[in-house]
Amino acid sequence: MSAHITPILGCILILYTMQKSDIRAGDFPKPMPRPKIGLVLGGGGARGLAHVGVLNVLKELRIPVDYIAGTSMGAIAGGLFAAGMSVEEIEILTRTLDWRDVLNDKPSRHYRSFRRKEEDNLNLMGFEVGFNDGKIFFPRGLIAGQKLSFVLRTQTLAVAGISDFDKLPIPFRAVATDIETGDMVILANGNLPLAMRASMSVPSVFSPVEINGMILVDGALVDNVPVDVVRSMGADIIIAVDVGEPLLKRDELSSLMGITVQVFNVLTQKRVDEQVATLNEKDVLIRPELGDIGSSDFMRFAESIRIGEEAARSAAKSLGRYSVSIEEYAAFLNMKNARTLQSMQIDYIQLGGDLRNDRRVYHRLKTSLGRPLDLAQLRKDLNDIYELGDYEQVDFNLLEESGRYALQINGKRKSWGPNYLRFGLVMSMDLEGAGSVNVLTLYRMTKLNSRGGEWKHLLRIGDFPKYETEFYQPLHHRGIFFVAPNFSAEKFQANVFSPQSPDATATYSAYQFRMGSDLGIVISNSAEGRVGLTRTYGQASATVGSNLPDVTIRGAGILARLRFDNLDNPSFPKFGSSSIVQYYSSRKSLGADSSYQGLRLGYLKTLTAGKHTWILSLEGGSSLGSRLPVYDQWMLGGFLHLSAYNPHQITGDRYLYGSAIYMFHVAKSSSPYSEGIYAGLVAETGNAWNTNQSISTNDLKYSYSILLGIDTIVGPLYLGCSFSDTFTKKYYVNLGRTF
């Protein structure tokens, strides 16, 4: 009996104790909530791609993130993650993004206007400066971030319209620097892509971003690992990732660039050390050993991601303390990825910023209303507006009001415009001393009227001086039809060769003036047609072979041209083609010395497989039965125009030329502005004849060349050795575009 009484007395005692302590059923202590985790992603340019590897490991370990603060590249990775992109999506973007293209403001050549493509053939450097009121103005950065901004916009469309960063799937902060005051700016609201872009605006590399009247640059200047920022957001535990470059060693401080980099690193490292010192034993610091990967080595993305993963796994023991159950982590992912990109129907379009009063813009917008947003078409629209040449940046935003979406397109006019200078250098010579070196200056005046009138001046100084000018006036805001009066004056030398000798028998010193006016049509970005009147006057006097008579040139006639160009690269093309059809009719009735005709046809095609590229070309010309004056005959000879022969050694009233070029991509450059190094083989054939009866394949001339091509900041540099079918040999050094 007593064995049954004992448990009963125990129950009575428990009930009595609960009553005395005022505890009721269901009031047992609940488990402590998990600590709030804040992720800090530091800046480091391309080294910041290691953040993707760290995010991968955090997912593997099932560690939820409650707050994110990032600086520079850390703001990009953190902002994308905070906006709802999965780790897998961020990694795919990192690995598939064309970093060379994104970090180059020029639109893909496919999108460039034919007028801008024409300038490619002049071998001008890509950098331009403003020249206004007698003063030179420089851009505020080498890169305006046109393409990068588009990528950030499109990748964060799911959170378009959210201006409070606390309302993102993960609360987020981006750190930037007010370059006017030197103050740290914590971006907690506004336009998310713009905040990310501002945080990574490395001074002098990226143009600064203006937000709320502040001129913002890279946040690394004030807080490269913003531990304090994420802690102030409410984080209990900090996971900080530092990808900054270590200080250079003594032997690396022997150049201006090395000293400059070191000064920047010293300024940022002191603040980083202060932030790291605030971490306690509960926090986790991850420092990937990125070695010699520099802040601009974006092409080493795979290596950076791998090193980031290795660094995070080496801290797995410390990180594992904050791992949650499979169910809890699934709930975190569901919350984080709740916002997905829906098909947003565009109801109307707004123009903002400096685009508001530019009537030309409306004719370049092809994005359809009443349909889901077409990102490919939007990209083309933005490129078409950017190609006007007046804007530093053309961007977009999506605005939502009462369930209706507005596509807002904004433009920021170039602060160094509207008149621009570009410079270039061209050189062609053989090791026998023949050739020329010339410096180029292009001065382009824009916005001369509301229809986009431009006045271009080209000055060539050197062995063959020349001045050329053209006024380009569209006849409508759509820019399809145009008129283009033009004028040029140049001085040059012309050699005369005998058929029996490769050496010049006479040399003429000549000058020539040409004026004309064209009526043209822009068929597409890749094609343009022109027809116009042209008049020429010149004089040539013999300087070698002084017994030869002087030559006076009086030309006048009708010139018609149809040109096509969709090559992907004018220096080292891999894809695309180009062609030309040109007809000239000299008329005595217009003031010419003689009446004659000339027709020229040309075609070039490029094919690429991996590192192998083949460039095939064929061209020819005819006088159509008439006899050409000596100064207007077709000419062959010189680099990649029968390279084993002297420039203009072969002349006639009819000509035929063909070439096959094989290029092997030996080495890629880590710079987005260079294609690297190529090695190539060239086979050429052709000749010129004076009558149809004399044309024969039996007297075709042949040339074979070995090339080394280097893509430099001043243009493509070729070193070549050429052999003719008679075993004559020439060595070339050529700087300038040849396709």
# chains A, B, ... in the order shown; residues from 1 in each chain; ligands from 1

$ closest_atom_pairs --of "region 499-582 of chain A" --to "region 621-641 of chain A" --cutoff "12 Å" --atoms "only C-alpha atoms" --output "CSV"
residue,atom,partner,partner_atom,distance
A:Pro502,CA,A:Gly637,CA,10.6
A:Tyr508,CA,A:Tyr631,CA,11.0
A:Ala510,CA,A:Tyr631,CA,10.5
A:Tyr511,CA,A:Tyr631,CA,11.9
A:Gln512,CA,A:Tyr631,CA,11.0
A:Thr536,CA,A:Asp632,CA,11.4
A:Tyr537,CA,A:Tyr631,CA,11.5
A:Gly538,CA,A:Tyr631,CA,10.0
A:Gln539,CA,A:Tyr631,CA,10.5
A:Ala540,CA,A:Tyr631,CA,9.6
A:Val551,CA,A:Tyr631,CA,8.8
A:Thr552,CA,A:Tyr631,CA,9.5
A:Ile553,CA,A:Tyr631,CA,7.8
A:Arg554,CA,A:Tyr631,CA,10.4
A:Gly555,CA,A:Asp632,CA,9.7
A:Ile580,CA,A:Gly621,CA,11.3
A:Val581,CA,A:Gly621,CA,9.9
A:Gln582,CA,A:Gly621,CA,9.3

$ select_by_dssp --residues "region 569-702 of chain A" --states "strand (DSSP E or B)" --output "PyMOL selection string"
chain A and resi 576-586+596-609+612-622+634-636+650-652+654-667+677-689+701-702

$ atom_distance --atom1 "CA of Arg197 (chain A)" --atom2 "CA of Asp98 (chain A)"
17.7 Å

$ residues_around --residues "Leu187 (chain A)" --least-positions-apart "6" --cutoff "8 Å" --atoms "only C-alpha atoms" --output "list of chain:residue names"
A:Arg173, A:Ala174, A:Val175, A:Ala176, A:Ala195

$ closest_residue --among "A:Ser724, A:Asn189, A:Thr268, A:Asn334" --to "Pro64 (chain A)" --atoms "only C-alpha atoms"
A:Asn334

$ closest_atom_pairs --of "region 495-556 of chain A" --to "region 432-448 of chain A" --cutoff "12 Å" --atoms "only C-alpha atoms" --output "Markdown table"
| residue | atom | partner | partner_atom | distance |
| --- | --- | --- | --- | --- |
| A:Asn495 | CA | A:Ala434 | CA | 11.1 |
| A:Asp503 | CA | A:Ala434 | CA | 11.2 |
| A:Ala504 | CA | A:Ala434 | CA | 11.2 |

$ write_last_selection --atoms "all heavy atoms" --output "PDB file, in the first residue's frame"
ATOM      1  N   ASN A 495      55.707  57.643-104.908  1.00  0.00           N
ATOM      2  CA  ASN A 495      56.812  57.027-105.633  1.00  0.00           C
ATOM      3  C   ASN A 495      56.346  56.482-106.974  1.00  0.00           C
ATOM      4  O   ASN A 495      55.198  56.021-107.110  1.00  0.00           O
ATOM      5  CB  ASN A 495      57.432  55.895-104.809  1.00  0.00           C
ATOM      6  CG  ASN A 495      58.122  56.406-103.561  1.00  0.00           C
ATOM      7  OD1 ASN A 495      58.712  57.490-103.575  1.00  0.00           O
ATOM      8  ND2 ASN A 495      58.054  55.636-102.482  1.00  0.00           N
ATOM      9  N   ASP A 503      62.600  49.060-106.935  1.00  0.00           N
ATOM     10  CA  ASP A 503      63.010  50.343-106.378  1.00  0.00           C
ATOM     11  C   ASP A 503      62.344  51.483-107.124  1.00  0.00           C
ATOM     12  O   ASP A 503      62.142  51.431-108.349  1.00  0.00           O
ATOM     13  CB  ASP A 503      64.533  50.503-106.451  1.00  0.00           C
ATOM     14  CG  ASP A 503      65.259  49.422-105.669  1.00  0.00           C
ATOM     15  OD1 ASP A 503      64.764  49.076-104.577  1.00  0.00           O
ATOM     16  OD2 ASP A 503      66.296  48.928-106.160  1.00  0.00           O
ATOM     17  N   ALA A 504      62.015  52.553-106.392  1.00  0.00           N
ATOM     18  CA  ALA A 504      61.366  53.708-106.996  1.00  0.00           C
ATOM     19  C   ALA A 504      62.314  54.401-107.968  1.00  0.00           C
ATOM     20  O   ALA A 504      63.494  54.625-107.665  1.00  0.00           O
ATOM     21  CB  ALA A 504      60.921  54.683-105.916  1.00  0.00           C
TER      22      ALA A 504
END

$ closest_residue --among "A:Ser577, A:Asn212, A:Asn566, A:Thr505" --to "Gln649 (chain A)" --atoms "only C-alpha atoms"
A:Thr505

$ select_by_dssp --residues "region 438-682 of chain A" --states "helix (DSSP H, G or I)" --output "ChimeraX atom specification"
/A:588-590,630-632

$ residues_around --residues "Leu375 (chain A)" --least-positions-apart "5" --cutoff "10 Å" --atoms "only C-alpha atoms" --output "JSON, numbers by chain"
{"A": [150, 154, 367, 380, 381]}

$ write_last_selection --atoms "N, CA and C atoms" --output "mmCIF file, in the first residue's frame"
data_model
loop_
_atom_site.group_PDB
_atom_site.id
_atom_site.type_symbol
_atom_site.label_atom_id
_atom_site.label_comp_id
_atom_site.auth_asym_id
_atom_site.auth_seq_id
_atom_site.Cartn_x
_atom_site.Cartn_y
_atom_site.Cartn_z
ATOM 1 N N PHE A 150 23.820 48.719 -65.652
ATOM 2 C CA PHE A 150 22.742 47.951 -66.275
ATOM 3 C C PHE A 150 22.666 46.553 -65.658
ATOM 4 N N THR A 154 19.348 45.101 -63.661
ATOM 5 C CA THR A 154 18.600 43.922 -64.115
ATOM 6 C C THR A 154 18.618 42.804 -63.087
ATOM 7 N N THR A 367 11.190 50.034 -76.827
ATOM 8 C CA THR A 367 10.543 49.225 -75.794
ATOM 9 C C THR A 367 9.027 49.385 -75.892
ATOM 10 N N LYS A 380 19.292 47.529 -75.767
ATOM 11 C CA LYS A 380 19.545 48.162 -77.065
ATOM 12 C C LYS A 380 19.118 49.624 -77.048
ATOM 13 N N ASP A 381 17.965 49.909 -76.440
ATOM 14 C CA ASP A 381 17.502 51.301 -76.353
ATOM 15 C C ASP A 381 18.504 52.170 -75.606
#

$ residues_around --residues "Thr71 (chain A)" --least-positions-apart "6" --cutoff "6 Å" --atoms "only C-alpha atoms" --output "CSV table (one decimal) with C-alpha atoms, in the first residue's frame"
chain,number,residue,atom,x,y,z
A,42,GLY,CA,34.9,44.1,-47.3
A,43,GLY,CA,36.2,45.9,-50.4
A,174,ALA,CA,26.4,50.1,-48.4
A,175,VAL,CA,29.3,52.3,-47.3
A,199,SER,CA,30.2,52.2,-52.8
A,219,GLY,CA,33.7,53.4,-49.2
A,224,ASN,CA,36.6,48.9,-45.8

$ closest_residue --among "A:Leu399, A:Met429, A:Leu279, A:Leu49" --to "Ile307 (chain A)" --atoms "only C-alpha atoms"
A:Leu49

$ closest_residue --among "A:Gly591, A:Gly557, A:Pro647, A:Gly294" --to "Asp430 (chain A)" --atoms "only C-alpha atoms"
A:Pro647

$ residues_around --residues "Glu89 (chain A)" --least-positions-apart "3" --cutoff "12 Å" --atoms "only C-alpha atoms" --output "list in words"
Val52, Leu55, Asn56, Ala77, Leu80, Phe81, Ala83, Gly84, Met85, Ser86, Ile92, Leu93, Thr94, Arg95, Thr96, Leu97, Gln155, Thr156 and Asn337 of chain A

$ closest_residue --among "A:Gly411, A:Gly53, A:Gly134, A:Gly598" --to "Ala311 (chain A)" --atoms "only C-alpha atoms"
A:Gly53
